[in-house]
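Heads up, work_15.cif below (mmCIF, C-alpha atoms and all ligand atoms):
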```cif
data_run
loop_
_atom_site.label_atom_id
_atom_site.label_comp_id
_atom_site.auth_asym_id
_atom_site.auth_seq_id
_atom_site.Cartn_x
_atom_site.Cartn_y
_atom_site.Cartn_z
CA MET A 4 128.09 114.17 103.41
CA LEU A 5 127.30 117.29 101.37
CA GLU A 6 130.47 116.71 99.35
CA LYS A 7 129.40 113.15 98.58
CA ILE A 8 125.91 114.31 97.59
CA LYS A 9 127.42 116.93 95.28
CA GLU A 10 129.70 114.38 93.67
CA THR A 11 126.71 112.12 92.99
CA ILE A 12 124.48 114.86 91.60
CA ASP A 13 127.28 116.16 89.37
CA PHE A 14 127.50 112.66 87.91
CA LEU A 15 123.71 112.34 87.47
CA LYS A 16 123.41 115.79 85.90
CA SER A 17 126.19 114.89 83.46
CA ARG A 18 124.02 111.92 82.45
CA GLY A 19 120.99 114.15 81.80
CA PHE A 20 119.13 114.02 85.15
CA ASN A 21 118.08 117.66 84.97
CA SER A 22 115.63 119.33 87.40
CA PRO A 23 113.14 116.54 88.11
CA ASP A 24 109.81 117.71 89.54
CA ALA A 25 109.19 114.70 91.75
CA GLY A 26 110.92 111.63 93.14
CA ILE A 27 109.36 108.21 93.56
CA ILE A 28 110.57 105.28 95.61
CA LEU A 29 108.95 102.31 93.97
CA GLY A 30 108.19 99.84 96.69
CA THR A 31 106.28 96.63 96.37
CA GLY A 32 103.28 97.14 94.12
CA LEU A 33 104.45 100.12 92.13
CA GLY A 34 106.97 98.48 89.83
CA GLY A 35 104.59 98.84 86.89
CA LEU A 36 104.82 102.59 87.09
CA THR A 37 108.19 102.51 85.36
CA GLU A 38 106.43 101.48 82.15
CA LYS A 39 104.76 104.89 82.12
CA ILE A 40 108.05 106.76 82.12
CA THR A 41 108.98 107.89 78.61
CA ASN A 42 112.27 109.20 77.17
CA SER A 43 113.88 107.46 80.09
CA ILE A 44 117.50 107.31 81.15
CA GLU A 45 118.33 104.36 83.42
CA ILE A 46 121.44 103.92 85.50
CA ASP A 47 122.29 100.90 87.68
CA TYR A 48 122.92 101.83 91.29
CA ARG A 49 126.31 100.14 91.05
CA ASP A 50 127.37 102.69 88.42
CA ILE A 51 126.36 105.72 90.51
CA PRO A 52 129.15 107.16 92.68
CA ASN A 53 128.49 106.81 96.44
CA PHE A 54 125.23 104.88 95.98
CA PRO A 55 124.79 101.75 98.06
CA VAL A 56 124.87 98.59 96.01
CA PRO A 57 122.06 96.04 96.32
CA THR A 58 123.46 92.90 97.90
CA VAL A 59 120.38 90.73 97.72
CA LYS A 60 120.19 88.57 94.64
CA GLY A 61 117.29 89.41 92.35
CA HIS A 62 116.81 92.88 93.85
CA GLU A 63 116.91 95.29 91.00
CA GLY A 64 118.61 98.58 91.65
CA LYS A 65 118.13 101.29 89.06
CA LEU A 66 117.64 105.01 89.06
CA ILE A 67 115.29 106.05 86.26
CA TYR A 68 114.81 109.58 84.98
CA GLY A 69 112.26 110.61 82.39
CA ASP A 70 108.93 112.13 81.44
CA PHE A 71 105.84 111.17 83.35
CA GLY A 72 102.98 112.92 81.62
CA LYS A 73 104.07 116.55 81.60
CA LYS A 74 106.35 116.11 84.60
CA LYS A 75 109.98 115.10 84.88
CA ILE A 76 110.50 112.46 87.50
CA VAL A 77 113.27 110.42 88.98
CA ALA A 78 112.31 106.98 90.23
CA MET A 79 114.18 104.54 92.41
CA LYS A 80 113.48 101.02 91.26
CA GLY A 81 114.64 99.07 94.26
CA ARG A 82 115.13 100.46 97.75
CA PHE A 83 117.38 99.58 100.64
CA HIS A 84 116.06 98.01 103.84
CA TYR A 85 117.52 98.00 107.33
CA TYR A 86 117.07 94.20 107.56
CA GLU A 87 119.47 93.75 104.65
CA GLY A 88 122.25 95.05 106.88
CA TYR A 89 122.62 98.56 105.46
CA ARG A 90 123.35 101.44 107.79
CA SER A 91 120.56 104.05 108.04
CA GLU A 92 122.88 106.53 106.33
CA GLN A 93 123.14 104.23 103.29
CA ILE A 94 119.38 103.61 103.16
CA THR A 95 118.64 107.32 103.08
CA PHE A 96 121.52 108.63 100.93
CA PRO A 97 119.48 108.35 97.70
CA VAL A 98 116.74 110.57 99.22
CA ARG A 99 119.34 113.26 99.88
CA VAL A 100 120.53 112.97 96.29
CA LEU A 101 116.97 113.30 94.93
CA LYS A 102 116.39 116.43 97.02
CA TYR A 103 119.62 118.03 95.77
CA LEU A 104 118.70 117.10 92.20
CA GLY A 105 115.72 119.40 92.74
CA ILE A 106 112.63 117.27 93.40
CA LYS A 107 109.73 119.14 95.03
CA CYS A 108 107.92 116.12 96.53
CA LEU A 109 108.74 112.52 97.38
CA PHE A 110 106.31 109.66 96.70
CA LEU A 111 106.69 106.25 98.29
CA SER A 112 104.92 102.92 98.39
CA ASN A 113 105.25 99.76 100.43
CA ALA A 114 103.57 96.49 101.33
CA ALA A 115 102.24 96.22 104.86
CA GLY A 116 100.34 94.01 107.23
CA GLY A 117 96.92 95.37 108.19
CA LEU A 118 96.24 95.87 111.91
CA ASN A 119 93.01 97.84 111.67
CA PRO A 120 90.12 95.33 111.81
CA ASP A 121 88.30 97.28 109.04
CA PHE A 122 91.08 96.52 106.55
CA GLU A 123 91.02 93.74 103.96
CA ILE A 124 93.81 92.20 101.93
CA GLY A 125 94.31 94.23 98.75
CA ASP A 126 93.23 97.52 100.34
CA ILE A 127 95.21 100.70 99.86
CA MET A 128 96.08 102.80 102.90
CA ILE A 129 97.20 106.39 102.48
CA ILE A 130 99.72 106.99 105.26
CA THR A 131 98.76 109.99 107.39
CA ASP A 132 101.34 109.51 110.14
CA HIS A 133 103.91 106.99 111.34
CA ILE A 134 105.48 105.31 114.34
CA ASN A 135 109.15 104.72 113.66
CA LEU A 136 110.54 101.71 115.51
CA LEU A 137 113.63 101.55 113.31
CA PRO A 138 116.77 103.40 114.41
CA ASN A 139 116.33 107.08 113.58
CA PRO A 140 118.37 107.77 110.43
CA LEU A 141 119.33 111.25 111.71
CA ILE A 142 121.31 109.85 114.65
CA GLY A 143 124.89 111.08 114.40
CA GLN A 144 126.49 114.38 113.56
CA ASN A 145 124.10 116.87 111.97
CA ASP A 146 125.05 119.03 109.02
CA ASP A 147 123.13 122.29 109.57
CA ARG A 148 123.53 123.15 105.88
CA ILE A 149 121.32 120.16 105.05
CA GLY A 150 118.69 120.41 107.78
CA PRO A 151 118.11 121.17 111.47
CA ARG A 152 119.38 119.07 114.37
CA PHE A 153 115.86 118.60 115.73
CA PRO A 154 113.38 118.44 112.83
CA ASP A 155 109.67 118.81 113.47
CA MET A 156 107.58 115.77 112.50
CA GLY A 157 104.13 117.29 113.03
CA GLU A 158 103.25 116.85 109.38
CA ALA A 159 105.48 114.07 108.12
CA TYR A 160 102.92 113.31 105.39
CA ASP A 161 101.74 116.29 103.40
CA SER A 162 98.07 117.07 104.04
CA TYR A 163 97.63 118.82 100.67
CA LEU A 164 98.80 115.70 98.82
CA ILE A 165 96.69 113.42 101.04
CA ASN A 166 93.55 115.44 100.29
CA LYS A 167 94.32 115.50 96.58
CA ALA A 168 94.82 111.72 96.59
CA LEU A 169 91.52 111.21 98.44
CA MET A 170 89.71 113.22 95.76
CA ILE A 171 91.40 111.30 92.94
CA ALA A 172 90.54 107.97 94.61
CA GLN A 173 86.92 109.04 94.96
CA ASN A 174 86.74 110.11 91.30
CA HIS A 175 88.08 106.73 90.18
CA GLY A 176 85.99 104.75 92.66
CA ILE A 177 89.17 103.42 94.29
CA LYS A 178 88.62 102.42 97.91
CA VAL A 179 91.29 103.89 100.18
CA HIS A 180 91.84 104.04 103.92
CA ARG A 181 93.85 106.55 105.86
CA GLY A 182 96.05 105.34 108.66
CA VAL A 183 99.19 105.20 110.75
CA TYR A 184 102.11 103.12 109.46
CA LEU A 185 104.47 101.50 111.93
CA ALA A 186 107.95 100.50 110.79
CA THR A 187 109.87 97.65 112.39
CA THR A 188 113.24 96.20 111.48
CA GLY A 189 111.92 92.86 110.25
CA PRO A 190 112.87 90.56 108.65
CA THR A 191 110.45 88.42 110.65
CA PHE A 192 106.75 88.98 110.19
CA GLU A 193 105.08 89.61 113.53
CA THR A 194 103.91 87.16 116.15
CA PRO A 195 100.21 87.51 117.03
CA ALA A 196 101.24 89.26 120.27
CA GLU A 197 103.39 91.75 118.34
CA TYR A 198 100.54 92.53 115.92
CA ARG A 199 98.28 93.13 118.93
CA HIS A 200 100.94 95.31 120.57
CA PHE A 201 101.35 97.48 117.45
CA ARG A 202 97.59 97.90 117.17
CA ILE A 203 97.32 98.94 120.83
CA ILE A 204 100.03 101.57 120.45
CA GLY A 205 98.15 103.20 117.57
CA ALA A 206 99.14 101.65 114.25
CA ASP A 207 96.84 100.67 111.38
CA ALA A 208 99.50 98.86 109.36
CA VAL A 209 103.00 97.49 109.88
CA GLY A 210 105.92 97.17 107.50
CA MET A 211 109.70 97.23 107.22
CA SER A 212 110.49 100.38 105.24
CA THR A 213 109.50 103.95 104.37
CA THR A 214 109.99 105.80 107.68
CA PRO A 215 113.79 106.22 107.27
CA GLU A 216 113.28 107.82 103.87
CA VAL A 217 110.41 110.03 105.07
CA ILE A 218 112.34 111.22 108.16
CA THR A 219 115.29 112.08 105.93
CA ALA A 220 113.08 113.89 103.41
CA ARG A 221 111.41 115.90 106.20
CA HIS A 222 114.83 116.78 107.62
CA MET A 223 115.36 118.65 104.34
CA GLY A 224 111.83 120.09 104.23
CA LEU A 225 110.68 117.85 101.39
CA PRO A 226 106.91 117.08 101.32
CA CYS A 227 106.11 113.34 101.31
CA PHE A 228 103.21 111.20 100.19
CA ALA A 229 103.15 107.46 100.90
CA VAL A 230 100.79 104.54 100.46
CA SER A 231 100.70 101.01 101.80
CA ILE A 232 99.20 98.01 100.07
CA ILE A 233 97.69 95.71 102.68
CA THR A 234 99.05 92.28 101.75
CA ASP A 235 98.16 90.31 104.89
CA LEU A 236 96.26 90.82 108.12
CA GLY A 237 97.63 90.96 111.65
CA VAL A 238 94.15 90.92 113.13
CA GLU A 239 93.14 88.26 115.66
CA GLY A 240 91.32 85.42 113.93
CA LYS A 241 92.52 86.53 110.46
CA ILE A 242 96.24 85.84 110.75
CA LYS A 243 97.42 83.46 108.04
CA TYR A 244 100.78 81.94 107.23
CA THR A 245 102.69 84.74 105.48
CA THR A 246 105.69 84.51 103.16
CA HIS A 247 107.50 86.97 100.92
CA GLU A 248 105.78 85.27 97.99
CA THR A 249 102.24 85.77 99.38
CA VAL A 250 103.08 89.44 100.03
CA ILE A 251 104.33 89.94 96.44
CA GLN A 252 101.33 88.04 95.05
CA GLU A 253 98.76 90.12 96.93
CA ALA A 254 100.56 93.39 96.16
CA ALA A 255 100.53 92.58 92.44
CA LYS A 256 96.74 92.44 92.46
CA THR A 257 96.58 96.03 93.70
CA GLU A 258 99.28 97.38 91.41
CA GLU A 259 96.92 98.71 88.77
CA ARG A 260 94.76 100.72 91.20
CA MET A 261 97.82 102.00 92.99
CA THR A 262 99.54 103.06 89.75
CA ARG A 263 96.41 104.93 88.63
CA LEU A 264 96.24 106.81 91.91
CA MET A 265 99.91 107.79 91.90
CA THR A 266 99.92 108.69 88.21
CA ASP A 267 96.99 111.07 88.56
CA LEU A 268 98.36 112.56 91.76
CA ILE A 269 101.72 113.36 90.22
CA ALA A 270 100.06 114.70 87.06
CA SER A 271 97.93 117.03 89.19
CA LEU A 272 100.91 118.76 90.82
N1 LIG A 301 104.55 92.75 108.81
C1 LIG A 301 105.66 93.44 108.49
N2 LIG A 301 105.96 93.79 107.26
C2 LIG A 301 105.12 93.43 106.27
C3 LIG A 301 103.96 92.71 106.54
C4 LIG A 301 103.66 92.34 107.88
O1 LIG A 301 102.65 91.69 108.20
N3 LIG A 301 103.33 92.51 105.36
C5 LIG A 301 104.10 93.10 104.40
N4 LIG A 301 105.17 93.64 104.96
#
```
Represent the structure contained in this file as structure tokens.
Ligand code: HPA
Amino acid sequence: MLEKIKETIDFLKSRGFNSPDAGIILGTGLGGLTEKITNSIEIDYRDIPNFPVPTVKGHEGKLIYGDFGKKKIVAMKGRFHYYEGYRSEQITFPVRVLKYLGIKCLFLSNAAGGLNPDFEIGDIMIITDHINLLPNPLIGQNDDRIGPRFPDMGEAYDSYLINKALMIAQNHGIKVHRGVYLATTGPTFETPAEYRHFRIIGADAVGMSTTPEVITARHMGLPCFAVSIITDLGVEGKIKYTTHETVIQEAAKTEERMTRLMTDLIASL
């Protein structure tokens, strides 16, 4: 794997992707952040050696490098999900590439269903911990040069970044929750019994992404910060008919607040 990573970073460096400070995986609700990247270089995933290729029509797949305030960042516009049929190794390969390009922190966002009865649609939840119910992406042979066989997950989400984000949110008057994110395979949204089950086992929100990338980043010692946009509620009495379109629609309404939070957080590094 290290050879493949090196081949990919050699290619990206030859295209000008030099020493980014931070990496961002732009999930639902953070797409607008790309407009804030200046002097950008964009490469389609399909043109990057060893990168998985998006198979789903309409899913954009681009790696973007550029200036973000005073920082250099590399952003993934479009991520890979387990429910699309990718192997865990494919989903997480880009995270390995970002780490070897030199990023110091990884930022992620997603859309999620709220399980905590205090949550409302449109709320932002800063992820403080997770429950991974997807296959662990580290299953298989371990390369000790990349990370340990048995990585600690005691602080999967960086407490320094969480505290910084809480301060920024307070300064901007942005309401945020803290909570546990649970990842399932999808692609179905949950039955009422499943929502109840996930709440009972300790989750505040449920979604279909993020944990594979975070586990992989932590395997390499990379600090992570992640946020969920609550796009629907899996709370008894509040469960409504949910579609991909309603999720996108609700996430879009939160995009501005979310972008402000992430922008200031990255600028403060
Ligand atoms: N469940 C799982 N994934 C999701 C949800 C949900 O309710 N909302 C957005 N992504």
**OP:** List all protein, DNA and RNA residues that have any atom at most 10 Å from ligand LIG 301 (chain A), counting only C-alpha atoms and all ligand atoms, and write the list as a PyMOL selection string.
**Re:** chain A and resi 31+113-118+185-194+197-198+208-212+231-238+242-247+249-251+253-254
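Near A:Ser43, within 10 Å and counting only C-alpha atoms, sit Gly19, Phe20, Thr37, Glu38, Lys39, Ile67, Tyr68, Gly69, Asp70, Phe71, Lys75, Ile76 and Val77 of chain A; same-chain residues fewer than 4 positions away were not included.
Between atom CA of A:Asn42 and atom CA of A:Gly30 the interatomic distance comes to 22.0 Å.
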Write out as a Markdown table the residues of stretch 67-116 of chain A that have any atom within 12 Å of an atom of stretch 149-155 of chain A, one row each with the nearest atom pair and its distance in Å to one decimal, counting all atoms listed in the file, sorted by chain and then rising number.
```
| residue | atom | partner | partner_atom | distance |
| --- | --- | --- | --- | --- |
| A:Arg99 | CA | A:Ile149 | CA | 8.8 |
| A:Val100 | CA | A:Ile149 | CA | 11.4 |
| A:Lys102 | CA | A:Ile149 | CA | 10.1 |
| A:Tyr103 | CA | A:Ile149 | CA | 9.7 |
```
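Closest approach to A:Asn145 among A:Ile130, A:Leu268, A:Met223, A:Leu36 is made by A:Met223 (distances from only C-alpha atoms).
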Original post:
When you draw a straight line from atom CA of A:Thr219 to atom CA of A:Ile127, how long is it in Å?
Top reply: 23.9 Å
Subject >> Distance of atom CA of A:Tyr48 from atom CA of A:Tyr86, expressed in Å to one decimal place >> reply: 18.9 Å
